[in-house]
>>> print(open('entry03.txt').read())   # compact mmCIF, C-alpha atoms
# COMPACT_ATOMS: atom_id res chain seq x y z
CA MET P 1 124.50 81.42 42.14
CA ARG P 2 124.79 85.17 42.54
CA LYS P 3 126.50 87.73 40.39
CA VAL P 4 128.41 90.26 42.47
CA LYS P 5 129.26 93.50 40.71
CA ILE P 6 132.20 95.25 42.33
CA TYR P 7 133.19 98.84 41.60
CA ILE P 8 136.65 99.92 42.71
CA THR P 9 137.57 103.60 42.62
CA LEU P 10 140.56 105.61 43.72
CA LYS P 11 139.96 107.53 46.94
CA GLU P 12 139.37 111.22 46.62
CA GLY P 13 142.67 113.06 46.72
CA VAL P 14 144.65 110.20 45.22
CA LEU P 15 146.22 111.27 41.93
CA ASP P 16 144.96 109.45 38.84
CA PRO P 17 147.53 109.83 36.04
CA GLN P 18 145.66 107.35 33.83
CA GLY P 19 142.53 109.47 34.15
CA LYS P 20 144.54 112.61 33.35
CA ALA P 21 145.92 110.94 30.21
CA VAL P 22 142.43 109.97 29.07
CA GLN P 23 141.20 113.50 29.76
CA HIS P 24 143.98 114.94 27.58
CA SER P 25 143.19 112.47 24.81
CA LEU P 26 139.52 113.43 24.92
CA HIS P 27 140.50 117.10 24.68
CA SER P 28 142.70 116.34 21.65
CA LEU P 29 139.68 114.68 20.06
CA GLU P 30 137.81 118.00 20.46
CA TYR P 31 135.71 116.91 23.41
CA THR P 32 136.59 120.14 25.13
CA ASN P 33 133.64 120.04 27.54
CA VAL P 34 135.15 117.08 29.40
CA GLY P 35 136.34 117.75 32.94
CA GLU P 36 137.95 115.40 35.42
CA VAL P 37 138.26 111.73 34.46
CA ARG P 38 138.77 109.07 37.14
CA ILE P 39 139.45 105.49 36.21
CA GLY P 40 138.58 102.51 38.33
CA LYS P 41 137.93 98.83 38.01
CA TYR P 42 134.76 96.88 37.55
CA MET P 43 134.48 93.18 38.33
CA GLU P 44 131.77 90.60 37.99
CA VAL P 45 132.25 87.66 40.34
CA MET P 46 129.96 84.63 40.36
CA ILE P 47 129.54 83.26 43.87
CA GLU P 48 127.58 80.23 45.04
CA ASP P 49 124.79 81.15 47.41
CA LYS P 50 125.55 81.10 51.10
CA ASP P 51 124.75 83.06 54.22
CA ASN P 52 126.62 86.28 54.84
CA ILE P 53 127.58 86.69 51.23
CA GLU P 54 128.04 90.45 51.86
CA GLN P 55 130.58 89.67 54.53
CA GLN P 56 132.48 87.37 52.16
CA VAL P 57 132.53 89.99 49.40
CA GLU P 58 133.88 92.64 51.77
CA LYS P 59 136.59 90.28 53.01
CA MET P 60 137.56 89.40 49.43
CA CYS P 61 137.80 93.09 48.54
CA ASP P 62 139.89 93.95 51.59
CA GLN P 63 142.19 90.96 51.14
CA LEU P 64 142.71 90.84 47.39
CA LEU P 65 140.51 92.81 45.04
CA ALA P 66 141.01 96.37 46.28
CA ASN P 67 143.86 98.21 47.91
CA PRO P 68 142.19 99.74 50.97
CA VAL P 69 144.99 102.28 51.37
CA ILE P 70 144.19 104.14 48.17
CA GLU P 71 140.95 102.60 46.88
CA ASP P 72 137.30 102.53 47.86
CA TYR P 73 134.89 99.88 46.71
CA SER P 74 131.18 99.33 46.47
CA TYR P 75 129.21 96.36 45.24
CA SER P 76 125.79 95.09 44.36
CA ILE P 77 124.56 91.51 44.44
CA GLU P 78 122.19 90.06 41.88
CA GLU P 79 120.36 86.76 41.90
CA VAL P 80 121.16 84.67 38.83
CA VAL P 81 118.83 81.91 37.73
CA MET E 82 128.06 119.54 35.03
CA ARG E 83 127.15 115.88 34.78
CA LYS E 84 128.94 112.82 36.06
CA VAL E 85 128.93 110.03 33.51
CA LYS E 86 129.64 106.57 34.89
CA ILE E 87 130.93 104.24 32.21
CA TYR E 88 131.18 100.47 32.63
CA ILE E 89 133.32 98.61 30.12
CA THR E 90 133.19 94.82 30.01
CA LEU E 91 134.71 92.18 27.78
CA LYS E 92 132.23 90.70 25.33
CA GLU E 93 130.92 87.26 26.13
CA GLY E 94 133.19 84.65 24.63
CA VAL E 95 136.30 86.81 24.86
CA LEU E 96 138.87 85.14 27.12
CA ASP E 97 139.68 87.02 30.32
CA PRO E 98 143.06 85.81 31.63
CA GLN E 99 143.14 88.52 34.29
CA GLY E 100 139.79 87.32 35.59
CA LYS E 101 141.04 83.73 35.58
CA ALA E 102 144.08 84.77 37.61
CA VAL E 103 141.91 86.54 40.17
CA GLN E 104 139.63 83.49 40.35
CA HIS E 105 142.62 81.24 41.09
CA SER E 106 143.88 83.65 43.75
CA LEU E 107 140.46 83.68 45.40
CA HIS E 108 140.44 79.88 45.39
CA SER E 109 143.90 79.85 47.01
CA LEU E 110 142.51 82.11 49.71
CA GLU E 111 139.88 79.42 50.44
CA TYR E 112 137.01 81.21 48.71
CA THR E 113 136.12 77.98 46.98
CA ASN E 114 132.54 79.02 46.21
CA VAL E 115 133.74 81.59 43.69
CA GLY E 116 132.95 80.86 40.05
CA GLU E 117 133.78 82.87 36.97
CA VAL E 118 135.42 86.27 37.44
CA ARG E 119 135.32 88.88 34.66
CA ILE E 120 137.25 92.09 34.94
CA GLY E 121 136.32 95.32 33.26
CA LYS E 122 136.86 99.01 33.61
CA TYR E 123 134.89 101.69 35.36
CA MET E 124 135.25 105.37 34.57
CA GLU E 125 133.77 108.54 35.94
CA VAL E 126 133.85 111.40 33.45
CA MET E 127 132.70 114.93 34.29
CA ILE E 128 131.06 116.58 31.30
CA GLU E 129 129.67 120.07 30.94
CA ASP E 130 125.96 120.08 30.20
CA LYS E 131 124.92 120.17 26.59
CA ASP E 132 122.30 118.69 24.31
CA ASN E 133 122.76 115.13 23.10
CA ILE E 134 125.13 114.24 25.88
CA GLU E 135 124.25 110.55 25.37
CA GLN E 136 125.38 110.81 21.77
CA GLN E 137 128.68 112.38 22.84
CA VAL E 138 129.31 109.67 25.43
CA GLU E 139 128.68 106.92 22.90
CA LYS E 140 131.01 108.57 20.41
CA MET E 141 133.72 108.93 23.05
CA CYS E 142 133.38 105.25 23.98
CA ASP E 143 133.52 104.09 20.36
CA GLN E 144 136.45 106.32 19.52
CA LEU E 145 138.65 106.08 22.58
CA LEU E 146 137.38 104.61 25.81
CA ALA E 147 136.30 101.14 24.74
CA ASN E 148 137.50 98.74 22.08
CA PRO E 149 134.26 97.89 20.25
CA VAL E 150 135.81 94.74 18.76
CA ILE E 151 136.12 92.95 22.10
CA GLU E 152 134.36 95.19 24.62
CA ASP E 153 130.82 96.26 25.43
CA TYR E 154 130.00 99.36 27.39
CA SER E 155 127.11 100.84 29.27
CA TYR E 156 126.77 104.13 31.08
CA SER E 157 124.61 106.19 33.34
CA ILE E 158 124.45 109.96 33.60
CA GLU E 159 124.00 111.81 36.88
CA GLU E 160 123.29 115.44 37.50
CA VAL E 161 125.93 117.07 39.70
CA VAL E 162 125.18 120.27 41.56
>>> encode(input="entry03.txt", output="structure tokens")
Amino acid sequence: MRKVKIYITLKEGVLDPQGKAVQHSLHSLEYTNVGEVRIGKYMEVMIEDKDNIEQQVEKMCDQLLANPVIEDYSYSIEEVV
Amino acid sequence: MRKVKIYITLKEGVLDPQGKAVQHSLHSLEYTNVGEVRIGKYMEVMIEDKDNIEQQVEKMCDQLLANPVIEDYSYSIEEVV
């Protein structure tokens, strides 16, 4: 079994209204030194060991987990005992 | 300026219906070796340098970014030139 950690972020240049809202809220809470906020997704997916697990993860991201038009993704794979 | 990367995950034991839905979708797409899926949030926050930046990040998470009742968070801080 492996734990795949997937990080999905909006591409640079894509507007992030949710991030803007969080930034404004932080400013209202007196965290005035906060600059840009970008919000993405984080997923942990357990996958049974097999060859080419990287290839499978990339296919899963392209097909379902991320929207390749506006999102980038990265991932790391950990062995789980 | 520092880039703070914040990872917010549901606590163990908290049901994750969104993760379950994604798991089912992956199974329908013939990724039958996929086990549990947990979905969290990922944020990148730019913060102006100051002392005790870790303390500020933790306060921001407790106050606004995460729900400490059902969510855990972790973060890493990167220098940005």
>>> atom_distance(input="entry03.txt", atom1="CA of Val85 (chain E)", atom2="CA of Gly100 (chain E)")
25.3 Å
>>> closest_residue(input="entry03.txt", among="P:Glu78, P:Glu71, P:Asp49, P:Glu12", to="chain E", atoms="only C-alpha atoms")
P:Asp49
>>> interface_residues(input="entry03.txt", of="chain P", to="chain E", cutoff="8 Å", atoms="all atoms listed in the file", output="PyMOL selection string")
chain P and resi 7-9+26+33-48+60+64
>>> atom_distance(input="entry03.txt", atom1="CA of His27 (chain P)", atom2="CA of Val161 (chain E)")
20.9 Å
>>> atom_distance(input="entry03.txt", atom1="CA of Val69 (chain P)", atom2="CA of Pro17 (chain P)")
17.3 Å
>>> closest_residue(input="entry03.txt", among="P:Leu10, P:Ile53, P:Leu15, P:Ala21", to="Tyr73 (chain P)", atoms="only C-alpha atoms")
P:Leu10
>>> closest_residue(input="entry03.txt", among="P:His24, P:Lys11, P:Ile77, P:Gln18", to="Asn52 (chain P)", atoms="only C-alpha atoms")
P:Ile77
>>> axis_aligned_box(input="entry03.txt", around="region 146-160 of chain E", padding_each_side="3 Å", output="lines of an AutoDock Vina configuration file")
center_x = 130.4
center_y = 104.2
center_z = 28.1
size_x = 20.2
size_y = 28.5
size_z = 24.7
>>> decode(input="entry03.txt", residues="region 119-138 of chain E", atoms="C-alpha atoms", output="PDB file, in the first residue's frame")
ATOM      1  CA  ARG E 119      -9.211  11.800   2.130  1.00  0.00           C
ATOM      2  CA  ILE E 120      -9.643  15.319   0.867  1.00  0.00           C
ATOM      3  CA  GLY E 121      -8.216  18.385   2.508  1.00  0.00           C
ATOM      4  CA  LYS E 122      -7.235  21.908   1.679  1.00  0.00           C
ATOM      5  CA  TYR E 123      -3.974  23.424   0.616  1.00  0.00           C
ATOM      6  CA  MET E 124      -3.216  27.124   0.902  1.00  0.00           C
ATOM      7  CA  GLU E 125      -0.331  29.324  -0.043  1.00  0.00           C
ATOM      8  CA  VAL E 126      -0.192  32.526   1.983  1.00  0.00           C
ATOM      9  CA  MET E 127       2.367  35.273   1.371  1.00  0.00           C
ATOM     10  CA  ILE E 128       3.397  36.933   4.621  1.00  0.00           C
ATOM     11  CA  GLU E 129       5.754  39.821   5.201  1.00  0.00           C
ATOM     12  CA  ASP E 130       8.746  38.854   7.304  1.00  0.00           C
ATOM     13  CA  LYS E 131       8.490  39.374  11.022  1.00  0.00           C
ATOM     14  CA  ASP E 132       9.472  37.675  14.245  1.00  0.00           C
ATOM     15  CA  ASN E 133       7.383  34.763  15.463  1.00  0.00           C
ATOM     16  CA  ILE E 134       5.922  34.078  12.070  1.00  0.00           C
ATOM     17  CA  GLU E 135       5.183  30.489  13.175  1.00  0.00           C
ATOM     18  CA  GLN E 136       3.103  31.831  16.027  1.00  0.00           C
ATOM     19  CA  GLN E 137       1.149  34.071  13.654  1.00  0.00           C
ATOM     20  CA  VAL E 138       0.484  31.206  11.245  1.00  0.00           C
TER      21      VAL E 138
END
